[in-house]
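What follows is protein_24.cif (mmCIF, C-alpha atoms).
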```cif
data_data
#
loop_
_atom_site.group_PDB
_atom_site.id
_atom_site.type_symbol
_atom_site.label_atom_id
_atom_site.label_comp_id
_atom_site.auth_asym_id
_atom_site.auth_seq_id
_atom_site.Cartn_x
_atom_site.Cartn_y
_atom_site.Cartn_z
ATOM 1 C CA CYS A 1 25.143 -14.146 9.436
ATOM 2 C CA LYS A 2 24.619 -10.599 10.753
ATOM 3 C CA GLU A 3 21.227 -9.031 10.054
ATOM 4 C CA LEU A 4 20.244 -5.378 10.132
ATOM 5 C CA ARG A 5 16.482 -5.008 10.576
ATOM 6 C CA LEU A 6 14.741 -1.647 10.311
ATOM 7 C CA GLU A 7 11.102 -1.853 11.323
ATOM 8 C CA GLY A 8 8.624 0.998 11.579
ATOM 9 C CA ILE A 9 11.219 3.625 10.650
ATOM 10 C CA GLY A 10 9.666 6.624 8.904
ATOM 11 C CA SER A 11 12.855 7.556 7.034
ATOM 12 C CA ALA A 12 16.441 6.378 7.397
ATOM 13 C CA THR A 13 18.874 8.242 5.144
ATOM 14 C CA GLY A 14 22.555 8.045 4.324
ATOM 15 C CA LEU A 15 23.095 4.503 5.623
ATOM 16 C CA THR A 16 26.770 3.492 5.693
ATOM 17 C CA PRO A 17 28.183 0.800 3.360
ATOM 18 C CA LEU A 18 26.606 -2.227 5.005
ATOM 19 C CA GLY A 19 29.326 -4.638 3.940
ATOM 20 C CA ALA A 20 31.879 -2.492 5.736
ATOM 21 C CA VAL A 21 30.093 -3.003 9.052
ATOM 22 C CA GLY A 22 29.668 -6.751 8.564
ATOM 23 C CA VAL A 23 25.976 -6.850 7.681
ATOM 24 C CA ASP A 24 25.011 -9.863 5.541
ATOM 25 C CA ARG A 25 21.225 -9.390 5.441
ATOM 26 C CA LEU A 26 19.211 -6.163 5.315
ATOM 27 C CA VAL A 27 15.520 -6.343 6.227
ATOM 28 C CA LEU A 28 13.246 -3.317 5.837
ATOM 29 C CA MET A 29 9.760 -3.739 7.255
ATOM 30 C CA ASN A 30 7.162 -0.946 7.270
ATOM 31 C CA SER A 31 10.058 1.462 6.768
ATOM 32 C CA ALA A 32 11.645 3.820 4.259
ATOM 33 C CA ALA A 33 15.387 4.013 3.684
ATOM 34 C CA SER A 34 17.843 5.771 1.376
ATOM 35 C CA ILE A 35 21.217 4.110 0.796
ATOM 36 C CA GLU A 36 23.598 6.544 -0.841
ATOM 37 C CA THR A 37 26.626 4.339 -1.549
ATOM 38 C CA ASN A 38 27.403 1.112 -3.392
ATOM 39 C CA ILE A 39 26.255 -1.903 -1.397
ATOM 40 C CA HIS A 40 27.497 -5.509 -1.554
ATOM 41 C CA ILE A 41 25.452 -7.867 0.610
ATOM 42 C CA GLN A 42 24.069 -11.396 0.685
ATOM 43 C CA GLU A 43 20.370 -10.592 0.924
ATOM 44 C CA ILE A 44 17.927 -7.679 0.926
ATOM 45 C CA ALA A 45 14.312 -8.243 1.973
ATOM 46 C CA LEU A 46 11.653 -5.520 1.800
ATOM 47 C CA ILE A 47 8.250 -6.015 3.407
ATOM 48 C CA ASN A 48 5.845 -3.098 2.963
ATOM 49 C CA ALA A 49 8.911 -0.885 2.662
ATOM 50 C CA THR A 50 10.466 1.671 0.328
ATOM 51 C CA ALA A 51 14.177 1.791 -0.514
ATOM 52 C CA SER A 52 15.995 4.353 -2.638
ATOM 53 C CA PHE A 53 19.451 3.358 -3.875
ATOM 54 C CA LEU A 54 21.987 5.811 -5.315
ATOM 55 C CA GLY A 55 24.840 3.360 -5.906
ATOM 56 C CA THR A 56 25.133 -0.130 -7.384
ATOM 57 C CA VAL A 57 23.402 -2.857 -5.360
ATOM 58 C CA THR A 58 25.131 -6.247 -5.520
ATOM 59 C CA ALA A 59 23.395 -9.109 -3.704
ATOM 60 C CA GLU A 60 22.745 -12.843 -3.856
ATOM 61 C CA ASN A 61 18.993 -12.404 -3.372
ATOM 62 C CA ILE A 62 16.596 -9.455 -3.306
ATOM 63 C CA SER A 63 12.913 -9.841 -2.448
ATOM 64 C CA LEU A 64 10.064 -7.321 -2.424
ATOM 65 C CA ALA A 65 6.907 -8.352 -0.577
ATOM 66 C CA GLY A 66 3.687 -6.625 0.397
ATOM 67 C CA THR A 67 3.539 -3.076 -0.983
ATOM 68 C CA SER A 68 7.294 -2.559 -1.301
ATOM 69 C CA VAL A 69 8.974 -0.173 -3.738
ATOM 70 C CA VAL A 70 12.584 0.132 -4.877
ATOM 71 C CA THR A 71 13.559 3.345 -6.658
ATOM 72 C CA HIS A 72 16.356 5.864 -7.194
ATOM 73 C CA ALA A 73 16.597 9.578 -6.417
ATOM 74 C CA SER A 74 14.981 12.057 -8.779
ATOM 75 C CA CYS A 75 17.265 13.752 -11.274
ATOM 76 C CA THR A 76 18.156 17.381 -10.581
ATOM 77 C CA ALA A 77 19.434 20.105 -12.885
ATOM 78 C CA ASN A 78 22.975 19.068 -11.921
ATOM 79 C CA GLN A 79 22.779 15.320 -11.398
ATOM 80 C CA GLU A 80 21.135 12.309 -12.994
ATOM 81 C CA TYR A 81 20.662 8.932 -11.336
ATOM 82 C CA ARG A 82 19.964 5.325 -12.220
ATOM 83 C CA LEU A 83 19.139 2.111 -10.384
ATOM 84 C CA ASP A 84 21.693 -0.700 -10.814
ATOM 85 C CA LEU A 85 20.818 -4.121 -9.377
ATOM 86 C CA VAL A 86 23.275 -7.005 -9.761
ATOM 87 C CA VAL A 87 21.773 -10.208 -8.320
ATOM 88 C CA SER A 88 23.694 -13.489 -8.474
ATOM 89 C CA ASN A 89 20.704 -15.670 -7.603
ATOM 90 C CA THR A 90 17.085 -14.394 -7.499
ATOM 91 C CA LEU A 91 15.314 -11.057 -7.691
ATOM 92 C CA ALA A 92 11.689 -11.622 -6.625
ATOM 93 C CA ILE A 93 9.036 -8.898 -6.934
ATOM 94 C CA GLY A 94 5.696 -9.714 -5.291
ATOM 95 C CA SER A 95 2.318 -8.988 -6.845
ATOM 96 C CA ASN A 96 1.782 -5.671 -5.024
ATOM 97 C CA SER A 97 5.407 -4.552 -5.114
ATOM 98 C CA ALA A 98 7.353 -2.571 -7.696
ATOM 99 C CA ILE A 99 10.643 -1.308 -8.942
ATOM 100 C CA ASP A 100 9.449 2.147 -9.930
ATOM 101 C CA VAL A 101 11.460 5.112 -11.206
ATOM 102 C CA SER A 102 8.540 6.840 -12.934
ATOM 103 C CA GLY A 103 8.921 10.623 -13.118
ATOM 104 C CA ARG A 104 12.498 10.496 -11.795
ATOM 105 C CA GLY A 105 14.292 11.282 -15.054
ATOM 106 C CA TYR A 106 15.202 14.612 -16.606
ATOM 107 C CA LEU A 107 13.296 17.594 -15.255
ATOM 108 C CA PRO A 108 10.800 19.582 -17.344
ATOM 109 C CA GLY A 109 12.612 21.556 -20.021
ATOM 110 C CA ARG A 110 15.664 19.251 -19.964
ATOM 111 C CA THR A 111 16.802 16.475 -22.281
ATOM 112 C CA ALA A 112 19.688 14.053 -22.991
ATOM 113 C CA GLY A 113 22.887 15.257 -21.393
ATOM 114 C CA ASN A 114 20.801 16.939 -18.687
ATOM 115 C CA THR A 115 20.709 20.138 -20.702
ATOM 116 C CA THR A 116 18.089 22.664 -21.740
ATOM 117 C CA ASN A 117 19.646 22.871 -25.206
ATOM 118 C CA GLY A 118 17.265 21.254 -27.693
ATOM 119 C CA ALA A 119 14.746 20.307 -25.019
ATOM 120 C CA SER A 120 10.987 20.342 -25.546
ATOM 121 C CA THR A 121 9.330 23.716 -24.942
ATOM 122 C CA GLY A 122 5.857 25.096 -24.248
ATOM 123 C CA SER A 123 3.107 22.517 -23.835
ATOM 124 C CA CYS A 124 5.004 19.795 -25.721
ATOM 125 C CA GLY A 125 5.784 16.369 -24.322
ATOM 126 C CA GLY A 126 9.250 14.980 -23.713
ATOM 127 C CA SER A 127 11.132 12.766 -26.171
ATOM 128 C CA HIS A 128 13.275 9.655 -25.748
ATOM 129 C CA GLY A 129 13.144 6.677 -28.113
ATOM 130 C CA GLY A 130 10.497 8.576 -30.092
ATOM 131 C CA LEU A 131 9.333 12.157 -30.396
ATOM 132 C CA GLY A 132 7.085 13.730 -27.801
ATOM 133 C CA GLY A 133 3.727 15.202 -28.700
ATOM 134 C CA GLY A 134 3.511 18.752 -30.041
ATOM 135 C CA GLY A 135 5.619 20.880 -32.345
ATOM 136 C CA ALA A 136 8.706 22.156 -30.491
ATOM 137 C CA VAL A 137 9.918 18.822 -29.112
ATOM 138 C CA ALA A 138 13.349 17.470 -28.304
ATOM 139 C CA ASN A 139 15.055 15.130 -30.736
ATOM 140 C CA ALA A 140 14.676 11.415 -30.095
ATOM 141 C CA TYR A 141 17.738 9.739 -28.598
ATOM 142 C CA GLY A 142 18.975 6.435 -27.212
ATOM 143 C CA ASP A 143 19.107 2.821 -28.399
ATOM 144 C CA TYR A 144 16.215 0.469 -27.617
ATOM 145 C CA ARG A 145 18.676 -2.450 -27.552
ATOM 146 C CA SER A 146 20.742 -0.859 -24.786
ATOM 147 C CA PRO A 147 18.950 1.996 -23.012
ATOM 148 C CA THR A 148 21.363 4.067 -20.956
ATOM 149 C CA LEU A 149 19.580 7.370 -20.325
ATOM 150 C CA PRO A 150 16.501 8.703 -18.531
ATOM 151 C CA GLY A 151 13.542 10.155 -20.395
ATOM 152 C CA SER A 152 13.391 13.885 -21.093
ATOM 153 C CA GLY A 153 10.937 16.221 -19.421
ATOM 154 C CA GLY A 154 7.968 17.964 -20.983
ATOM 155 C CA GLY A 155 8.216 21.533 -22.197
ATOM 156 C CA ASP A 156 7.478 23.966 -19.373
ATOM 157 C CA SER A 157 7.714 24.194 -15.605
ATOM 158 C CA HIS A 158 4.302 22.570 -15.164
ATOM 159 C CA ALA A 159 5.192 19.602 -17.372
ATOM 160 C CA GLY A 160 6.045 16.110 -16.219
ATOM 161 C CA ALA A 161 9.584 14.883 -15.626
ATOM 162 C CA GLY A 162 10.905 11.993 -17.658
ATOM 163 C CA GLY A 163 11.092 8.422 -16.424
ATOM 164 C CA GLY A 164 14.236 7.240 -14.679
ATOM 165 C CA ARG A 165 16.723 4.515 -15.559
ATOM 166 C CA ILE A 166 16.783 0.862 -14.414
ATOM 167 C CA ASN A 167 19.524 -1.693 -15.048
ATOM 168 C CA ILE A 168 18.928 -5.237 -13.771
ATOM 169 C CA LEU A 169 21.396 -8.099 -14.097
ATOM 170 C CA SER A 170 20.091 -11.208 -12.351
ATOM 171 C CA HIS A 171 20.337 -14.973 -12.721
ATOM 172 C CA ASN A 172 16.620 -15.376 -11.965
ATOM 173 C CA LEU A 173 13.854 -12.779 -12.070
ATOM 174 C CA THR A 174 10.452 -13.676 -10.632
ATOM 175 C CA LEU A 175 8.190 -10.779 -11.553
ATOM 176 C CA ASP A 176 4.640 -10.843 -10.247
ATOM 177 C CA GLY A 177 4.549 -7.091 -9.588
ATOM 178 C CA THR A 178 5.728 -4.234 -11.801
ATOM 179 C CA ILE A 179 8.905 -2.650 -13.161
ATOM 180 C CA LEU A 180 8.140 0.928 -14.195
ATOM 181 C CA ALA A 181 9.996 3.870 -15.726
ATOM 182 C CA ASN A 182 7.066 5.907 -16.997
ATOM 183 C CA GLY A 183 7.200 9.625 -17.686
ATOM 184 C CA GLY A 184 5.436 11.920 -15.261
ATOM 185 C CA ASN A 185 2.157 13.653 -16.104
ATOM 186 C CA GLY A 186 1.881 17.387 -16.623
ATOM 187 C CA ALA A 187 0.149 19.394 -13.901
ATOM 188 C CA SER A 188 -3.624 19.349 -14.109
ATOM 189 C CA GLY A 189 -5.176 22.470 -15.600
ATOM 190 C CA TRP A 190 -1.991 23.826 -17.180
ATOM 191 C CA ASN A 191 -2.089 22.220 -20.645
ATOM 192 C CA ALA A 192 1.372 20.891 -19.833
ATOM 193 C CA GLY A 193 3.090 18.015 -21.623
ATOM 194 C CA GLY A 194 4.069 14.740 -20.020
ATOM 195 C CA GLY A 195 7.612 13.486 -19.612
ATOM 196 C CA ALA A 196 9.025 10.748 -21.814
ATOM 197 C CA GLY A 197 9.418 7.212 -20.555
ATOM 198 C CA GLY A 198 12.808 6.291 -19.156
ATOM 199 C CA GLY A 199 15.056 3.307 -19.808
ATOM 200 C CA ILE A 200 14.810 -0.282 -18.554
ATOM 201 C CA ARG A 201 17.492 -2.877 -19.313
ATOM 202 C CA ILE A 202 17.030 -6.402 -17.963
ATOM 203 C CA GLU A 203 19.467 -9.286 -18.446
ATOM 204 C CA VAL A 204 18.408 -12.585 -16.850
ATOM 205 C CA GLN A 205 18.861 -16.303 -17.349
ATOM 206 C CA THR A 206 15.350 -17.176 -16.158
ATOM 207 C CA LEU A 207 12.246 -14.953 -16.259
ATOM 208 C CA ALA A 208 9.048 -16.062 -14.524
ATOM 209 C CA GLY A 209 5.845 -14.556 -13.163
ATOM 210 C CA ASN A 210 2.803 -12.616 -14.367
ATOM 211 C CA GLY A 211 3.955 -9.058 -13.773
ATOM 212 C CA VAL A 212 4.254 -5.958 -15.948
ATOM 213 C CA ILE A 213 7.209 -4.023 -17.372
ATOM 214 C CA SER A 214 6.386 -0.499 -18.543
#
```
Translate this structure into structure tokens?
Amino acid sequence: CKELRLEGIGSATGLTPLGAVGVDRLVLMNSAASIETNIHIQEIALINATASFLGTVTAENISLAGTSVVTHASCTANQEYRLDLVVSNTLAIGSNSAIDVSGRGYLPGRTAGNTTNGASTGSCGGSHGGLGGGGAVANAYGDYRSPTLPGSGGGDSHAGAGGGRINILSHNLTLDGTILANGGNGASGWNAGGGAGGGIRIEVQTLAGNGVIS
């Protein structure tokens, strides 16, 4: 079993496909890393670490301990992202850890399809499964049974971005921390609307723990 351990690294970006270099176990400790490709590996362990994944993560086990966070990149005007975790055994999220894509969905003034057409305007909030607050808001979109899109942003440039998109497929999920895809808040003092919540889809055989999904 070959292990790659990154400890005390401020920021490691653009890591190569770990399976291609024979790594079976990735350990991030007191570090931050961005992995920009699909990854297929036996185990990922985060300890007081932050990891941003742009591709699909396929692993036997993933564990988040201490104050660890797993997220995806923030959407841009040209690109939207989501977090895909496929875990054949156990995904374990400790009590102070999180999978958090809050505020990483559509930008202010943008909505489903990553377009400005039909988006919320002015001081209005973003829409997703329901309408945002205010008058000139985007139409609601998506299916609560199978969420596939991020949340839309609030109306103007000072508004909050929408929440991002999480897809988890795992045999076991032990959740003592949080899984979050909340919309971002508008800037203080600008009477700006918040972004809409994003999408979270979780398919598991066994769910345990005392955590929160929001």
Take every atom of segment 73-84 of chain A listed in the file, fit an axis-aligned box around them, add 8 Å per side, and give the centre and edge lengths in Å to one decimal as AutoDock Vina command-line options.
```
--center_x 19.0 --center_y 9.7 --center_z -9.7 --size_x 24.0 --size_y 36.8 --size_z 22.6
```
Interatomic distance (Å, one decimal) between atom CA of Ser74 of chain A and atom CA of Gly211 of chain A: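 Answer for the atom CA of Ser74 of chain A to atom CA of Gly211 of chain A separation: 24.3 Å.
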Give as a PDB file with C-alpha atoms, in the coordinates of the input the residues that the PyMOL selection byres ((chain A and resi 110) around 12) matches when applied to the coordinates above.
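Wrote it out as result_5.pdb, contents follow:
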```pdb
ATOM      1  CA  CYS A  75      17.265  13.752 -11.274  1.00  0.00           C
ATOM      2  CA  THR A  76      18.156  17.381 -10.581  1.00  0.00           C
ATOM      3  CA  ALA A  77      19.434  20.105 -12.885  1.00  0.00           C
ATOM      4  CA  ASN A  78      22.975  19.068 -11.921  1.00  0.00           C
ATOM      5  CA  GLN A  79      22.779  15.320 -11.398  1.00  0.00           C
ATOM      6  CA  GLU A  80      21.135  12.309 -12.994  1.00  0.00           C
ATOM      7  CA  GLY A 105      14.292  11.282 -15.054  1.00  0.00           C
ATOM      8  CA  TYR A 106      15.202  14.612 -16.606  1.00  0.00           C
ATOM      9  CA  LEU A 107      13.296  17.594 -15.255  1.00  0.00           C
ATOM     10  CA  PRO A 108      10.800  19.582 -17.344  1.00  0.00           C
ATOM     11  CA  GLY A 109      12.612  21.556 -20.021  1.00  0.00           C
ATOM     12  CA  THR A 111      16.802  16.475 -22.281  1.00  0.00           C
ATOM     13  CA  ALA A 112      19.688  14.053 -22.991  1.00  0.00           C
ATOM     14  CA  GLY A 113      22.887  15.257 -21.393  1.00  0.00           C
ATOM     15  CA  ASN A 114      20.801  16.939 -18.687  1.00  0.00           C
ATOM     16  CA  THR A 115      20.709  20.138 -20.702  1.00  0.00           C
ATOM     17  CA  THR A 116      18.089  22.664 -21.740  1.00  0.00           C
ATOM     18  CA  ASN A 117      19.646  22.871 -25.206  1.00  0.00           C
ATOM     19  CA  GLY A 118      17.265  21.254 -27.693  1.00  0.00           C
ATOM     20  CA  ALA A 119      14.746  20.307 -25.019  1.00  0.00           C
ATOM     21  CA  SER A 120      10.987  20.342 -25.546  1.00  0.00           C
ATOM     22  CA  THR A 121       9.330  23.716 -24.942  1.00  0.00           C
ATOM     23  CA  GLY A 125       5.784  16.369 -24.322  1.00  0.00           C
ATOM     24  CA  GLY A 126       9.250  14.980 -23.713  1.00  0.00           C
ATOM     25  CA  SER A 127      11.132  12.766 -26.171  1.00  0.00           C
ATOM     26  CA  HIS A 128      13.275   9.655 -25.748  1.00  0.00           C
ATOM     27  CA  VAL A 137       9.918  18.822 -29.112  1.00  0.00           C
ATOM     28  CA  ALA A 138      13.349  17.470 -28.304  1.00  0.00           C
ATOM     29  CA  ASN A 139      15.055  15.130 -30.736  1.00  0.00           C
ATOM     30  CA  PRO A 150      16.501   8.703 -18.531  1.00  0.00           C
ATOM     31  CA  GLY A 151      13.542  10.155 -20.395  1.00  0.00           C
ATOM     32  CA  SER A 152      13.391  13.885 -21.093  1.00  0.00           C
ATOM     33  CA  GLY A 153      10.937  16.221 -19.421  1.00  0.00           C
ATOM     34  CA  GLY A 154       7.968  17.964 -20.983  1.00  0.00           C
ATOM     35  CA  GLY A 155       8.216  21.533 -22.197  1.00  0.00           C
ATOM     36  CA  ASP A 156       7.478  23.966 -19.373  1.00  0.00           C
ATOM     37  CA  SER A 157       7.714  24.194 -15.605  1.00  0.00           C
ATOM     38  CA  ALA A 159       5.192  19.602 -17.372  1.00  0.00           C
ATOM     39  CA  GLY A 160       6.045  16.110 -16.219  1.00  0.00           C
ATOM     40  CA  ALA A 161       9.584  14.883 -15.626  1.00  0.00           C
ATOM     41  CA  GLY A 162      10.905  11.993 -17.658  1.00  0.00           C
ATOM     42  CA  GLY A 195       7.612  13.486 -19.612  1.00  0.00           C
ATOM     43  CA  ALA A 196       9.025  10.748 -21.814  1.00  0.00           C
TER      44      ALA A 196
END
```
Can you work out which one of A:Val57, A:Asn38, A:Leu26, A:Ile47 has the shortest atom-to-atom distance to Val87 of chain A, counting only C-alpha atoms?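 Nearest to Val87 of chain A: A:Val57.
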From the list A:Ile213, A:Ala49, A:Ile35, A:Val23, which residue is nearest Arg201 of chain A when using all atoms listed in the file?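 Selected residue with least distance to Arg201 of chain A: A:Ile213.
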List as a list in words the protein and nucleic acid residues near Arg165 of chain A, meaning an atom at most 10 Å away when only C-alpha atoms are counted, but skip any in the same chain fewer than 3 places from it.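 Counting only the stated atoms, we get Thr71, His72, Glu80, Tyr81, Arg82, Leu83, Asp84, Asp100, Val101, Ser102, Arg104, Gly105, Pro147, Thr148, Leu149, Pro150, Gly151, Gly162, Leu180, Ala181, Asn182, Gly197, Gly198, Gly199, Ile200 and Arg201 of chain A.
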When distances are computed from all atoms listed in the file, which of A:Ser31, A:Asn185, A:Asn191, A:Ser170 shows the smallest separation from Ala59 of chain A?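 With all atoms listed in the file as the atom set, the closest residue is A:Ser170.
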How many Å separate atom CA of Gly130 of chain A from atom CA of Ser146 of chain A? 14.9 Å
Reference answer for the PyMOL selection byres ((chain A and resi 207) around 12), as a list in words: Thr90, Leu91, Ala92, Ile93, Leu169, Ser170, His171, Asn172, Leu173, Thr174, Leu175, Asp176, Ile202, Glu203, Val204, Gln205, Thr206, Ala208, Gly209, Asn210 and Gly211 of chain A
Since the input has fewer atoms than a full residue there, write segment 92-107 of chain A out with N, CA, C and O atoms, as a CSV table (one decimal), in the coordinates of the input.
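So the final result, stored in result.csv, reads:
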```csv
chain,number,residue,atom,x,y,z
A,92,ALA,N,13.1,-11.3,-6.7
A,92,ALA,CA,11.7,-11.6,-6.6
A,92,ALA,C,10.9,-10.4,-6.3
A,92,ALA,O,11.1,-9.8,-5.2
A,93,ILE,N,9.9,-10.1,-7.1
A,93,ILE,CA,9.0,-8.9,-6.9
A,93,ILE,C,7.6,-9.4,-6.8
A,93,ILE,O,7.0,-9.9,-7.7
A,94,GLY,N,7.0,-9.2,-5.6
A,94,GLY,CA,5.7,-9.7,-5.3
A,94,GLY,C,4.6,-9.0,-6.0
A,94,GLY,O,4.8,-7.9,-6.6
A,95,SER,N,3.4,-9.5,-6.0
A,95,SER,CA,2.3,-9.0,-6.8
A,95,SER,C,1.9,-7.5,-6.6
A,95,SER,O,1.4,-6.9,-7.4
A,96,ASN,N,2.1,-7.1,-5.4
A,96,ASN,CA,1.8,-5.7,-5.0
A,96,ASN,C,3.0,-4.8,-4.8
A,96,ASN,O,2.9,-3.7,-4.3
A,97,SER,N,4.2,-5.3,-5.3
A,97,SER,CA,5.4,-4.6,-5.1
A,97,SER,C,5.9,-4.1,-6.5
A,97,SER,O,5.4,-4.5,-7.5
A,98,ALA,N,6.9,-3.2,-6.4
A,98,ALA,CA,7.4,-2.6,-7.7
A,98,ALA,C,8.8,-2.1,-7.6
A,98,ALA,O,9.2,-1.7,-6.5
A,99,ILE,N,9.5,-2.1,-8.7
A,99,ILE,CA,10.6,-1.3,-8.9
A,99,ILE,C,10.1,-0.2,-9.8
A,99,ILE,O,9.7,-0.4,-10.9
A,100,ASP,N,10.2,1.0,-9.3
A,100,ASP,CA,9.4,2.1,-9.9
A,100,ASP,C,10.3,3.4,-9.9
A,100,ASP,O,10.5,4.0,-8.8
A,101,VAL,N,10.7,3.9,-11.1
A,101,VAL,CA,11.5,5.1,-11.2
A,101,VAL,C,10.7,6.1,-12.1
A,101,VAL,O,11.3,7.0,-12.7
A,102,SER,N,9.4,6.0,-12.1
A,102,SER,CA,8.5,6.8,-12.9
A,102,SER,C,8.7,8.3,-12.5
A,102,SER,O,8.7,8.6,-11.3
A,103,GLY,N,8.8,9.2,-13.4
A,103,GLY,CA,8.9,10.6,-13.1
A,103,GLY,C,10.2,11.0,-12.4
A,103,GLY,O,10.3,12.1,-11.9
A,104,ARG,N,11.2,10.2,-12.5
A,104,ARG,CA,12.5,10.5,-11.8
A,104,ARG,C,13.6,10.8,-12.8
A,104,ARG,O,14.8,10.7,-12.4
A,105,GLY,N,13.3,11.0,-14.0
A,105,GLY,CA,14.3,11.3,-15.1
A,105,GLY,C,14.5,12.8,-15.2
A,105,GLY,O,14.4,13.5,-14.2
A,106,TYR,N,14.9,13.2,-16.4
A,106,TYR,CA,15.2,14.6,-16.6
A,106,TYR,C,14.0,15.5,-16.2
A,106,TYR,O,12.9,15.2,-16.5
A,107,LEU,N,14.3,16.6,-15.7
A,107,LEU,CA,13.3,17.6,-15.3
A,107,LEU,C,12.6,18.2,-16.5
A,107,LEU,O,13.1,18.2,-17.6
```
